[in-house]
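Enquirer: Dumping the structure here so I can ask a few things about it.
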Amino acid sequence: MHSYDIIIAGAGLAGLTLALELSRRPAFAGQRILLLDRDPKQQNDRTWCFWAKPEDPLPPVVYREWESACFYGPSFDIPMKMRDYRYCMVRGKDFYDYARQEIAKNPNLEWRQATIRQIIPEESAVVTNQGRFTAKWIFNSAFVPVEALTDTSTTPFAHPHTQTGGRPEGYSWLLQHFKGWEVETPEPRFDPETVTFMDFRIEQNGETRFVYVLPFTEYRALVEFTVFSPSLLPLSDYDEALKDYLWEQLGIANYHIAEEEFGVIPMSDYAFPIKTGASVIHIGTAGGFVKASSGYAFKRTQRKIRRLVDDWEATGTPHPEAMQSLFRFRMYDSILLRVLEEGRVPGALVFERLFRHLPASHVLRFLDEDTNLKEEIQLMSVTQLREFTRAAVKQLSKYGRV
């Protein structure tokens with residue numbers, strides 16, 4: 001049978017999180033669910049990092065967590081007062097294995113390896129290399145309808161079947177791109193109790209560039225070079241930046257690269273469509289889940305999917321509006337992106353001001369969209385107020401037109 005109640009197109013973070021949430025809810029026990037992805041999800045192809053509190057409901061796949069963190073700005077460094085937050089890391093393969101084990105317990109959920117070629121909203125259909133499948137509800141995380149990279153031949157964020165003809169005008173478009181080395185050293189060179197959250201003590205080259213260090217033991221750590229900019233760098237630049245950082249900041253010349261990772265995350269205030277037609281709901285990157293101003297997505301995805309399913313369970317219908325952030329938080333993201341995109345204030349100085357004048361827990365709570373208006377005004381007061389105000393006026397005007 002090629003007809004289902006629910007199809008989840010894409011078994012990435014959002015698709016698997018939705019499958020897990022539906023599988024554990026009695027209200028969906030009788031629903032026939034199909035999960036489609038071309039990849040078997042057996043490789044450790046990515047790392048997710050985020051901050052969380054002990055009470056946050058997360059899947060039991062946290063590989064490592066740190067209670068202590070440091071921030072390094074261009075002109076000062078400081079231990080971060082995270083209070084009851086911990087900085088956490090999840091490896092892709094651990095999450096995939098956990099999801100596969102849990103999903104296997106649901107006899108009504110089929111996980112099929114297939115290449116998705118097209119989603120047809122008018123017919124509530126997904127076309128694959130293994131046939132055509134239909135469902136009452138389709139959750140798409142496989143295709144993003146707008147181009148997010150300047151080189152469309154390599155973009156993972158667009159597809160010819162859904163592409164709308166390039167980036168819509170009037171929005172900010174930056175990329176967060178990064179390369180990480182998991183390095184091993186013959187001598188103890190890392191503090192396994194303290195993560196380097198952001199280190200801006202590197203050449204900025206007119207962009208926002210920093211390194212973070214996740215130490216697993218005294219001899220092993222993930223060192224990641226990250227850039228916010230409109231386009232990617234030559235591949236050799238990432239390697240050179242990592243080599244320079246290991247030597248100049250950590251004094252490490254002798255090391256072995258055990259693993260590498262490379263990734264690109266869209267940072268845009270574009271209002272990604274949350275629904276197409278009557279049956280297709282967009283989730284994950286396709287639904288704008290990525291936090292526009294930071295690129296964080298793991299805990300954010302858990303929250304959004306949980307809100308969606310809570311509302312669905314209560315009303316009998318999935319309402320994608322349940323996943324949307326409040327307007328004011330979307331506006332804050334838009335303003336910061338405008339400041340960074342136009343070079344009004346260097347990103348290193350923006351983050352330095354925040355962590356110099358506010359407890360880290362305040363900043364992290366704001367990035368999680370958990371602050372109240374009074375706390376947000378406090379945060380704004382320590383920024384470069386004139387430049388942020390100019391960007392705010394411009395963005396408010398834009399939202400009135402676009």
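Letters A, B, ... mark the chains of the structure tokens in the order given; residue numbers begin at 1 per chain; ligand numbers begin at 1, in order shown.
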Which residues of stretch 281-358 of chain A have any atom within 10 Å of an atom in stretch 266-275 of chain A when counting only C-alpha atoms, and what is the closest pair of atoms for each, with the distance in Å to one decimal? Order the rows by chain and rising number and write it as JSON lines.

Expert:
```
{"residue": "A:Ile281", "atom": "CA", "partner": "A:Lys275", "partner_atom": "CA", "distance": 4.4}
{"residue": "A:His282", "atom": "CA", "partner": "A:Ile274", "partner_atom": "CA", "distance": 5.1}
{"residue": "A:Ile283", "atom": "CA", "partner": "A:Ile274", "partner_atom": "CA", "distance": 7.3}
{"residue": "A:Thr285", "atom": "CA", "partner": "A:Pro266", "partner_atom": "CA", "distance": 8.1}
{"residue": "A:Ala286", "atom": "CA", "partner": "A:Phe272", "partner_atom": "CA", "distance": 6.8}
{"residue": "A:Gly287", "atom": "CA", "partner": "A:Ile274", "partner_atom": "CA", "distance": 5.3}
{"residue": "A:Gly288", "atom": "CA", "partner": "A:Phe272", "partner_atom": "CA", "distance": 5.3}
{"residue": "A:Phe289", "atom": "CA", "partner": "A:Phe272", "partner_atom": "CA", "distance": 9.1}
{"residue": "A:Val290", "atom": "CA", "partner": "A:Met267", "partner_atom": "CA", "distance": 7.6}
{"residue": "A:Lys291", "atom": "CA", "partner": "A:Met267", "partner_atom": "CA", "distance": 7.4}
{"residue": "A:Ala292", "atom": "CA", "partner": "A:Met267", "partner_atom": "CA", "distance": 4.6}
{"residue": "A:Ser293", "atom": "CA", "partner": "A:Met267", "partner_atom": "CA", "distance": 6.4}
{"residue": "A:Ser294", "atom": "CA", "partner": "A:Met267", "partner_atom": "CA", "distance": 7.5}
{"residue": "A:Gly295", "atom": "CA", "partner": "A:Met267", "partner_atom": "CA", "distance": 6.4}
{"residue": "A:Tyr296", "atom": "CA", "partner": "A:Met267", "partner_atom": "CA", "distance": 10.0}
{"residue": "A:His319", "atom": "CA", "partner": "A:Lys275", "partner_atom": "CA", "distance": 9.4}
{"residue": "A:Pro320", "atom": "CA", "partner": "A:Ile274", "partner_atom": "CA", "distance": 6.2}
{"residue": "A:Glu321", "atom": "CA", "partner": "A:Ile274", "partner_atom": "CA", "distance": 7.7}
{"residue": "A:Met323", "atom": "CA", "partner": "A:Ile274", "partner_atom": "CA", "distance": 8.9}
{"residue": "A:Gln324", "atom": "CA", "partner": "A:Ile274", "partner_atom": "CA", "distance": 8.7}
{"residue": "A:Arg330", "atom": "CA", "partner": "A:Asp269", "partner_atom": "CA", "distance": 7.3}
{"residue": "A:Met331", "atom": "CA", "partner": "A:Asp269", "partner_atom": "CA", "distance": 8.2}
{"residue": "A:Tyr332", "atom": "CA", "partner": "A:Asp269", "partner_atom": "CA", "distance": 9.7}
{"residue": "A:Asp333", "atom": "CA", "partner": "A:Asp269", "partner_atom": "CA", "distance": 6.9}
{"residue": "A:Ser334", "atom": "CA", "partner": "A:Asp269", "partner_atom": "CA", "distance": 5.2}
{"residue": "A:Ile335", "atom": "CA", "partner": "A:Asp269", "partner_atom": "CA", "distance": 8.9}
{"residue": "A:Leu336", "atom": "CA", "partner": "A:Asp269", "partner_atom": "CA", "distance": 9.8}
{"residue": "A:Leu337", "atom": "CA", "partner": "A:Ser268", "partner_atom": "CA", "distance": 7.3}
{"residue": "A:Arg338", "atom": "CA", "partner": "A:Asp269", "partner_atom": "CA", "distance": 9.2}
```

Enquirer: For the residues selected in the previous step, produce a file with N, CA, C and O atoms as a tab-separated table (two decimals), in the first residue's frame.

Expert:
```
chain	number	residue	atom	x	y	z
A	281	ILE	N	3.37	20.52	5.43
A	281	ILE	CA	3.89	21.38	6.50
A	281	ILE	C	5.41	21.25	6.51
A	281	ILE	O	5.95	20.14	6.47
A	282	HIS	N	6.08	22.40	6.56
A	282	HIS	CA	7.55	22.41	6.50
A	282	HIS	C	8.14	22.45	7.90
A	282	HIS	O	7.70	23.22	8.77
A	283	ILE	N	9.14	21.61	8.11
A	283	ILE	CA	9.83	21.54	9.40
A	283	ILE	C	11.34	21.57	9.18
A	283	ILE	O	11.81	21.49	8.04
A	285	THR	N	15.12	22.94	8.72
A	285	THR	CA	15.63	24.10	7.98
A	285	THR	C	14.57	24.61	7.00
A	285	THR	O	14.40	25.82	6.81
A	286	ALA	N	13.83	23.69	6.38
A	286	ALA	CA	12.79	24.08	5.42
A	286	ALA	C	11.69	24.91	6.06
A	286	ALA	O	11.03	25.70	5.39
A	287	GLY	N	11.49	24.73	7.37
A	287	GLY	CA	10.46	25.48	8.06
A	287	GLY	C	10.99	26.63	8.88
A	287	GLY	O	10.26	27.21	9.68
A	288	GLY	N	12.27	26.96	8.70
A	288	GLY	CA	12.86	28.08	9.43
A	288	GLY	C	13.18	27.77	10.88
A	288	GLY	O	13.20	28.67	11.72
A	289	PHE	N	13.47	26.50	11.20
A	289	PHE	CA	13.75	26.12	12.58
A	289	PHE	C	15.08	26.67	13.08
A	289	PHE	O	15.25	26.89	14.28
A	290	VAL	N	16.04	26.85	12.18
A	290	VAL	CA	17.37	27.31	12.60
A	290	VAL	C	17.27	28.72	13.16
A	290	VAL	O	16.69	29.61	12.52
A	291	LYS	N	17.82	28.94	14.34
A	291	LYS	CA	17.82	30.28	14.95
A	291	LYS	C	18.64	31.21	14.06
A	291	LYS	O	19.84	31.02	13.87
A	292	ALA	N	17.98	32.24	13.51
A	292	ALA	CA	18.61	33.07	12.49
A	292	ALA	C	19.86	33.78	12.97
A	292	ALA	O	20.81	33.98	12.21
A	293	SER	N	19.90	34.17	14.24
A	293	SER	CA	21.02	34.96	14.74
A	293	SER	C	22.15	34.12	15.31
A	293	SER	O	23.22	34.65	15.61
A	294	SER	N	21.95	32.82	15.48
A	294	SER	CA	22.99	32.00	16.09
A	294	SER	C	23.26	30.70	15.36
A	294	SER	O	24.35	30.12	15.50
A	295	GLY	N	22.30	30.17	14.60
A	295	GLY	CA	22.49	28.91	13.91
A	295	GLY	C	22.17	27.69	14.76
A	295	GLY	O	22.23	26.56	14.27
A	296	TYR	N	21.79	27.88	16.02
A	296	TYR	CA	21.50	26.73	16.88
A	296	TYR	C	20.15	26.13	16.49
A	296	TYR	O	19.20	26.84	16.17
A	319	HIS	N	-1.36	22.33	13.48
A	319	HIS	CA	-1.32	23.75	13.14
A	319	HIS	C	0.14	24.22	13.17
A	319	HIS	O	0.72	24.34	14.25
A	320	PRO	N	0.75	24.48	12.03
A	320	PRO	CA	2.16	24.87	12.01
A	320	PRO	C	2.43	26.17	12.75
A	320	PRO	O	3.55	26.42	13.19
A	321	GLU	N	1.40	27.01	12.92
A	321	GLU	CA	1.58	28.26	13.66
A	321	GLU	C	2.03	28.00	15.10
A	321	GLU	O	2.65	28.87	15.72
A	323	MET	N	4.37	26.31	16.01
A	323	MET	CA	5.84	26.21	16.06
A	323	MET	C	6.53	27.55	15.92
A	323	MET	O	7.75	27.64	16.10
A	324	GLN	N	5.80	28.60	15.57
A	324	GLN	CA	6.43	29.88	15.27
A	324	GLN	C	6.92	30.61	16.52
A	324	GLN	O	6.27	30.59	17.56
A	330	ARG	N	11.72	37.23	16.41
A	330	ARG	CA	12.09	37.21	14.99
A	330	ARG	C	12.65	38.56	14.57
A	330	ARG	O	13.58	38.64	13.76
A	331	MET	N	12.11	39.64	15.14
A	331	MET	CA	12.61	40.96	14.83
A	331	MET	C	14.02	41.17	15.41
A	331	MET	O	14.89	41.74	14.75
A	332	TYR	N	14.26	40.70	16.61
A	332	TYR	CA	15.61	40.81	17.19
A	332	TYR	C	16.64	40.12	16.28
A	332	TYR	O	17.73	40.65	16.03
A	333	ASP	N	16.29	38.92	15.81
A	333	ASP	CA	17.19	38.21	14.91
A	333	ASP	C	17.44	39.02	13.64
A	333	ASP	O	18.58	39.13	13.16
A	334	SER	N	16.37	39.57	13.11
A	334	SER	CA	16.48	40.34	11.87
A	334	SER	C	17.38	41.55	12.04
A	334	SER	O	18.20	41.87	11.17
A	335	ILE	N	17.27	42.22	13.17
A	335	ILE	CA	18.09	43.42	13.43
A	335	ILE	C	19.56	43.04	13.53
A	335	ILE	O	20.42	43.70	12.93
A	336	LEU	N	19.87	41.97	14.28
A	336	LEU	CA	21.27	41.57	14.42
A	336	LEU	C	21.85	41.15	13.07
A	336	LEU	O	22.98	41.52	12.73
A	337	LEU	N	21.08	40.42	12.28
A	337	LEU	CA	21.58	40.03	10.96
A	337	LEU	C	21.87	41.25	10.10
A	337	LEU	O	22.86	41.28	9.36
A	338	ARG	N	21.01	42.25	10.16
A	338	ARG	CA	21.23	43.47	9.39
A	338	ARG	C	22.51	44.17	9.84
A	338	ARG	O	23.30	44.64	9.02
```

Enquirer: Report as a list in words all protein, DNA and RNA residues lying within 12 Å of A:Glu259, evaluated on only C-alpha atoms, omitting residues in the same chain fewer than 5 positions from it.

Expert: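 Counting only C-alpha atoms, the residues come to Asn44, Asp45, Arg46, Thr47, Lys179, Gly180, Trp181, Glu182, Val183, Glu184, Arg220, Ala221, Leu222, Val223 and Glu224 of chain A.
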
Enquirer: Write to file, as a CSV table (one decimal), in the first residue's frame, the residues of the selection just made, with C-alpha atoms.

Expert:
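Result went into again_15.csv, see below:
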```csv
chain,number,residue,atom,x,y,z
A,44,ASN,CA,28.5,10.2,12.4
A,45,ASP,CA,28.0,13.0,9.8
A,46,ARG,CA,27.5,15.9,12.2
A,47,THR,CA,27.7,17.3,15.7
A,179,LYS,CA,35.2,23.2,9.8
A,180,GLY,CA,36.2,21.1,12.8
A,181,TRP,CA,39.1,18.8,13.7
A,182,GLU,CA,38.9,16.3,16.5
A,183,VAL,CA,42.5,16.3,17.5
A,184,GLU,CA,44.6,14.0,19.7
A,220,ARG,CA,41.5,15.0,22.8
A,221,ALA,CA,39.2,17.8,21.8
A,222,LEU,CA,37.0,19.1,18.9
A,223,VAL,CA,38.4,22.4,17.6
A,224,GLU,CA,36.0,24.2,15.3
```

Enquirer: Using only C-alpha atoms, find the one residue out of A:Leu364, A:Ala314, A:Ala19, A:Val309 that sits nearest to A:Asp84.

Expert: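 Between A:Leu364, A:Ala314, A:Ala19, A:Val309, the residue approaching A:Asp84 most closely is A:Leu364.
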
Enquirer: Determine the nearest neighbour of A:Trp312 from the options A:Ile138, A:Ala27, A:Ala104, A:Leu16, counting only C-alpha atoms.

Expert: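 That would be A:Ala27, the residue with the smallest distance to A:Trp312.
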
Enquirer: Stretch 173-236 of chain A: which residues are strand (DSSP E or B) by DSSP, as a ChimeraX atom specification?

Expert: /A:173-184,194-199,208-215,220-229

Enquirer: Suppose you want the space between atom CA of A:Ala14 and atom CA of A:Cys49; what is it in Å?

Expert: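 Value for the atom CA of A:Ala14-atom CA of A:Cys49 distance: 15.3 Å.
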
Enquirer: Show which residues sit within 8 Å of stretch 379-382 of chain A, as a PyMOL selection string. Count only C-alpha atoms, and ignore same-chain residues fewer than 4 positions away.

Expert: chain A and resi 353-354+357-358+363+375

Enquirer: Those same residues - C-alpha atoms - I'd like them written as a PDB file, in the first residue's frame.

Expert:
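Below is the file that was written, part.pdb:
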```
ATOM      1  CA  ARG A 353      29.730  43.683  24.844  1.00  0.00           C
ATOM      2  CA  LEU A 354      27.047  41.139  25.695  1.00  0.00           C
ATOM      3  CA  HIS A 357      28.239  43.361  30.751  1.00  0.00           C
ATOM      4  CA  LEU A 358      25.707  40.580  31.316  1.00  0.00           C
ATOM      5  CA  VAL A 363      22.403  35.972  27.092  1.00  0.00           C
ATOM      6  CA  GLU A 375      15.299  41.452  30.384  1.00  0.00           C
TER       7      GLU A 375
END
```

Enquirer: What's around A:Phe200 at 7 Å? Count only C-alpha atoms, leave out sequence neighbours fewer than 2 positions away in its own chain, and write the answer as a PDB file with all heavy atoms, in the first residue's frame.

Expert:
```pdb
ATOM      1  N   TYR A  72      36.238  34.364  24.982  1.00  0.00           N
ATOM      2  CA  TYR A  72      37.401  35.196  24.672  1.00  0.00           C
ATOM      3  C   TYR A  72      36.998  36.236  23.637  1.00  0.00           C
ATOM      4  O   TYR A  72      36.680  35.899  22.488  1.00  0.00           O
ATOM      5  CB  TYR A  72      38.545  34.349  24.108  1.00  0.00           C
ATOM      6  CG  TYR A  72      39.110  33.358  25.095  1.00  0.00           C
ATOM      7  CD1 TYR A  72      38.571  32.081  25.205  1.00  0.00           C
ATOM      8  CD2 TYR A  72      40.188  33.691  25.920  1.00  0.00           C
ATOM      9  CE1 TYR A  72      39.082  31.159  26.112  1.00  0.00           C
ATOM     10  CE2 TYR A  72      40.710  32.783  26.831  1.00  0.00           C
ATOM     11  CZ  TYR A  72      40.149  31.520  26.922  1.00  0.00           C
ATOM     12  OH  TYR A  72      40.656  30.621  27.827  1.00  0.00           O
ATOM     13  N   GLY A  73      36.967  37.501  24.046  1.00  0.00           N
ATOM     14  CA  GLY A  73      36.699  38.591  23.120  1.00  0.00           C
ATOM     15  C   GLY A  73      37.995  39.142  22.556  1.00  0.00           C
ATOM     16  O   GLY A  73      39.088  38.707  22.936  1.00  0.00           O
ATOM     17  N   PRO A  74      37.900  40.120  21.672  1.00  0.00           N
ATOM     18  CA  PRO A  74      39.121  40.725  21.122  1.00  0.00           C
ATOM     19  C   PRO A  74      39.998  41.375  22.178  1.00  0.00           C
ATOM     20  O   PRO A  74      41.218  41.431  22.030  1.00  0.00           O
ATOM     21  CB  PRO A  74      38.571  41.768  20.142  1.00  0.00           C
ATOM     22  CG  PRO A  74      37.190  41.324  19.827  1.00  0.00           C
ATOM     23  CD  PRO A  74      36.680  40.681  21.070  1.00  0.00           C
ATOM     24  N   MET A 198      33.294  30.708  22.737  1.00  0.00           N
ATOM     25  CA  MET A 198      33.642  31.526  21.571  1.00  0.00           C
ATOM     26  C   MET A 198      35.011  32.137  21.829  1.00  0.00           C
ATOM     27  O   MET A 198      35.253  32.678  22.903  1.00  0.00           O
ATOM     28  CB  MET A 198      32.630  32.663  21.355  1.00  0.00           C
ATOM     29  CG  MET A 198      31.329  32.293  20.704  1.00  0.00           C
ATOM     30  SD  MET A 198      30.245  33.777  20.547  1.00  0.00           S
ATOM     31  CE  MET A 198      29.144  33.234  19.245  1.00  0.00           C
ATOM     32  N   ILE A 202      41.219  35.809  16.809  1.00  0.00           N
ATOM     33  CA  ILE A 202      41.750  35.445  15.508  1.00  0.00           C
ATOM     34  C   ILE A 202      41.451  36.576  14.529  1.00  0.00           C
ATOM     35  O   ILE A 202      40.598  37.426  14.784  1.00  0.00           O
ATOM     36  CB  ILE A 202      41.149  34.120  14.985  1.00  0.00           C
ATOM     37  CG1 ILE A 202      39.620  34.218  14.872  1.00  0.00           C
ATOM     38  CG2 ILE A 202      41.540  32.953  15.888  1.00  0.00           C
ATOM     39  CD1 ILE A 202      38.973  32.985  14.262  1.00  0.00           C
ATOM     40  N   ARG A 209      34.318  35.894  12.896  1.00  0.00           N
ATOM     41  CA  ARG A 209      35.054  34.624  12.922  1.00  0.00           C
ATOM     42  C   ARG A 209      35.420  34.273  14.357  1.00  0.00           C
ATOM     43  O   ARG A 209      35.866  35.139  15.109  1.00  0.00           O
ATOM     44  CB  ARG A 209      36.339  34.717  12.085  1.00  0.00           C
ATOM     45  CG  ARG A 209      36.101  35.007  10.609  1.00  0.00           C
ATOM     46  CD  ARG A 209      37.407  34.993   9.839  1.00  0.00           C
ATOM     47  NE  ARG A 209      37.203  35.107   8.406  1.00  0.00           N
ATOM     48  CZ  ARG A 209      38.094  34.734   7.486  1.00  0.00           C
ATOM     49  NH1 ARG A 209      39.256  34.215   7.878  1.00  0.00           N
ATOM     50  NH2 ARG A 209      37.831  34.873   6.206  1.00  0.00           N
ATOM     51  N   PHE A 210      35.244  33.026  14.709  1.00  0.00           N
ATOM     52  CA  PHE A 210      35.632  32.581  16.048  1.00  0.00           C
ATOM     53  C   PHE A 210      35.914  31.084  16.022  1.00  0.00           C
ATOM     54  O   PHE A 210      35.600  30.380  15.053  1.00  0.00           O
ATOM     55  CB  PHE A 210      34.550  32.909  17.083  1.00  0.00           C
ATOM     56  CG  PHE A 210      33.197  32.305  16.795  1.00  0.00           C
ATOM     57  CD1 PHE A 210      32.843  31.059  17.312  1.00  0.00           C
ATOM     58  CD2 PHE A 210      32.271  32.984  16.019  1.00  0.00           C
ATOM     59  CE1 PHE A 210      31.605  30.507  17.057  1.00  0.00           C
ATOM     60  CE2 PHE A 210      31.016  32.440  15.756  1.00  0.00           C
ATOM     61  CZ  PHE A 210      30.689  31.195  16.275  1.00  0.00           C
ATOM     62  N   VAL A 211      36.504  30.615  17.102  1.00  0.00           N
ATOM     63  CA  VAL A 211      36.795  29.193  17.272  1.00  0.00           C
ATOM     64  C   VAL A 211      36.171  28.746  18.576  1.00  0.00           C
ATOM     65  O   VAL A 211      36.141  29.505  19.552  1.00  0.00           O
ATOM     66  CB  VAL A 211      38.317  28.935  17.294  1.00  0.00           C
ATOM     67  CG1 VAL A 211      38.616  27.459  17.594  1.00  0.00           C
ATOM     68  CG2 VAL A 211      38.954  29.344  15.966  1.00  0.00           C
ATOM     69  N   ALA A 348      32.451  40.410  16.501  1.00  0.00           N
ATOM     70  CA  ALA A 348      33.255  40.147  17.699  1.00  0.00           C
ATOM     71  C   ALA A 348      32.947  41.160  18.794  1.00  0.00           C
ATOM     72  O   ALA A 348      32.876  40.810  19.980  1.00  0.00           O
ATOM     73  CB  ALA A 348      34.745  40.175  17.344  1.00  0.00           C
TER      74      ALA A 348
END
```

Enquirer: For a quick check of understanding, using only C-alpha atoms, which of A:Asp94, A:Glu65, A:Glu341, A:Asp310 has the smallest distance to A:Lys41?

Expert: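 Closest to A:Lys41 of all the choices is A:Asp94.
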
Enquirer: Distance atom CA of A:Ser23-atom CA of A:Arg100, one decimal place?

Expert: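 Computed distance, atom CA of A:Ser23 to atom CA of A:Arg100, equals 11.5 Å.
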
Enquirer: Which one of A:Val280, A:Leu250, A:Leu175, A:Ala360 sits closest to A:Pro188 if you count only C-alpha atoms?

Expert: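 Looking at the shortest contact to A:Pro188, the residue is A:Leu250.
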
Enquirer: Could you pull out the helix (DSSP H, G or I) residues of stretch 37-127 of chain A from DSSP and send them as a list in words?

Expert: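 Checking each residue of stretch 37-127 of chain A, the helix (DSSP H, G or I) ones are Gly92, Lys93, Asp94, Phe95, Tyr96, Asp97, Tyr98, Ala99, Arg100, Gln101, Glu102, Ile103, Pro121, Glu122 and Glu123 of chain A.
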
Enquirer: Need the shell around A:Gly277: protein/DNA/RNA residues with any atom at most 9 Å away, counting only C-alpha atoms. Skip same-chain ones fewer than 6 positions apart. Format as a compact mmCIF listing (two decimals) with N, CA, C and O atoms, in the first residue's frame?

Expert:
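Dumped to out_19.txt:
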```
# COMPACT_ATOMS: atom_id res chain seq x y z
N PRO A 121 2.14 19.18 -3.56
CA PRO A 121 1.13 19.57 -2.56
C PRO A 121 -0.30 19.37 -3.04
O PRO A 121 -1.17 18.95 -2.27
N GLU A 122 -0.56 19.67 -4.33
CA GLU A 122 -1.93 19.59 -4.84
C GLU A 122 -2.48 18.15 -4.77
O GLU A 122 -3.69 17.95 -4.69
N SER A 124 -1.10 15.89 -2.54
CA SER A 124 -0.67 15.34 -1.25
C SER A 124 0.20 14.11 -1.47
O SER A 124 0.00 13.07 -0.84
```

Enquirer: From the set A:Trp48, A:Gly170, A:His362, A:Glu369, which residue has the shortest atom-to-atom contact distance to A:Arg83, counting only C-alpha atoms?

Expert: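 So, comparing all the options, the nearest one is A:His362.
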
Enquirer: Please identify all polymer residues within 7 Å of stretch 386-388 of chain A, counting only C-alpha atoms, omitting same-chain residues fewer than 3 positions from it, and present them as JSON, numbers by chain.

Expert: {"A": [335, 339, 344, 391, 392]}
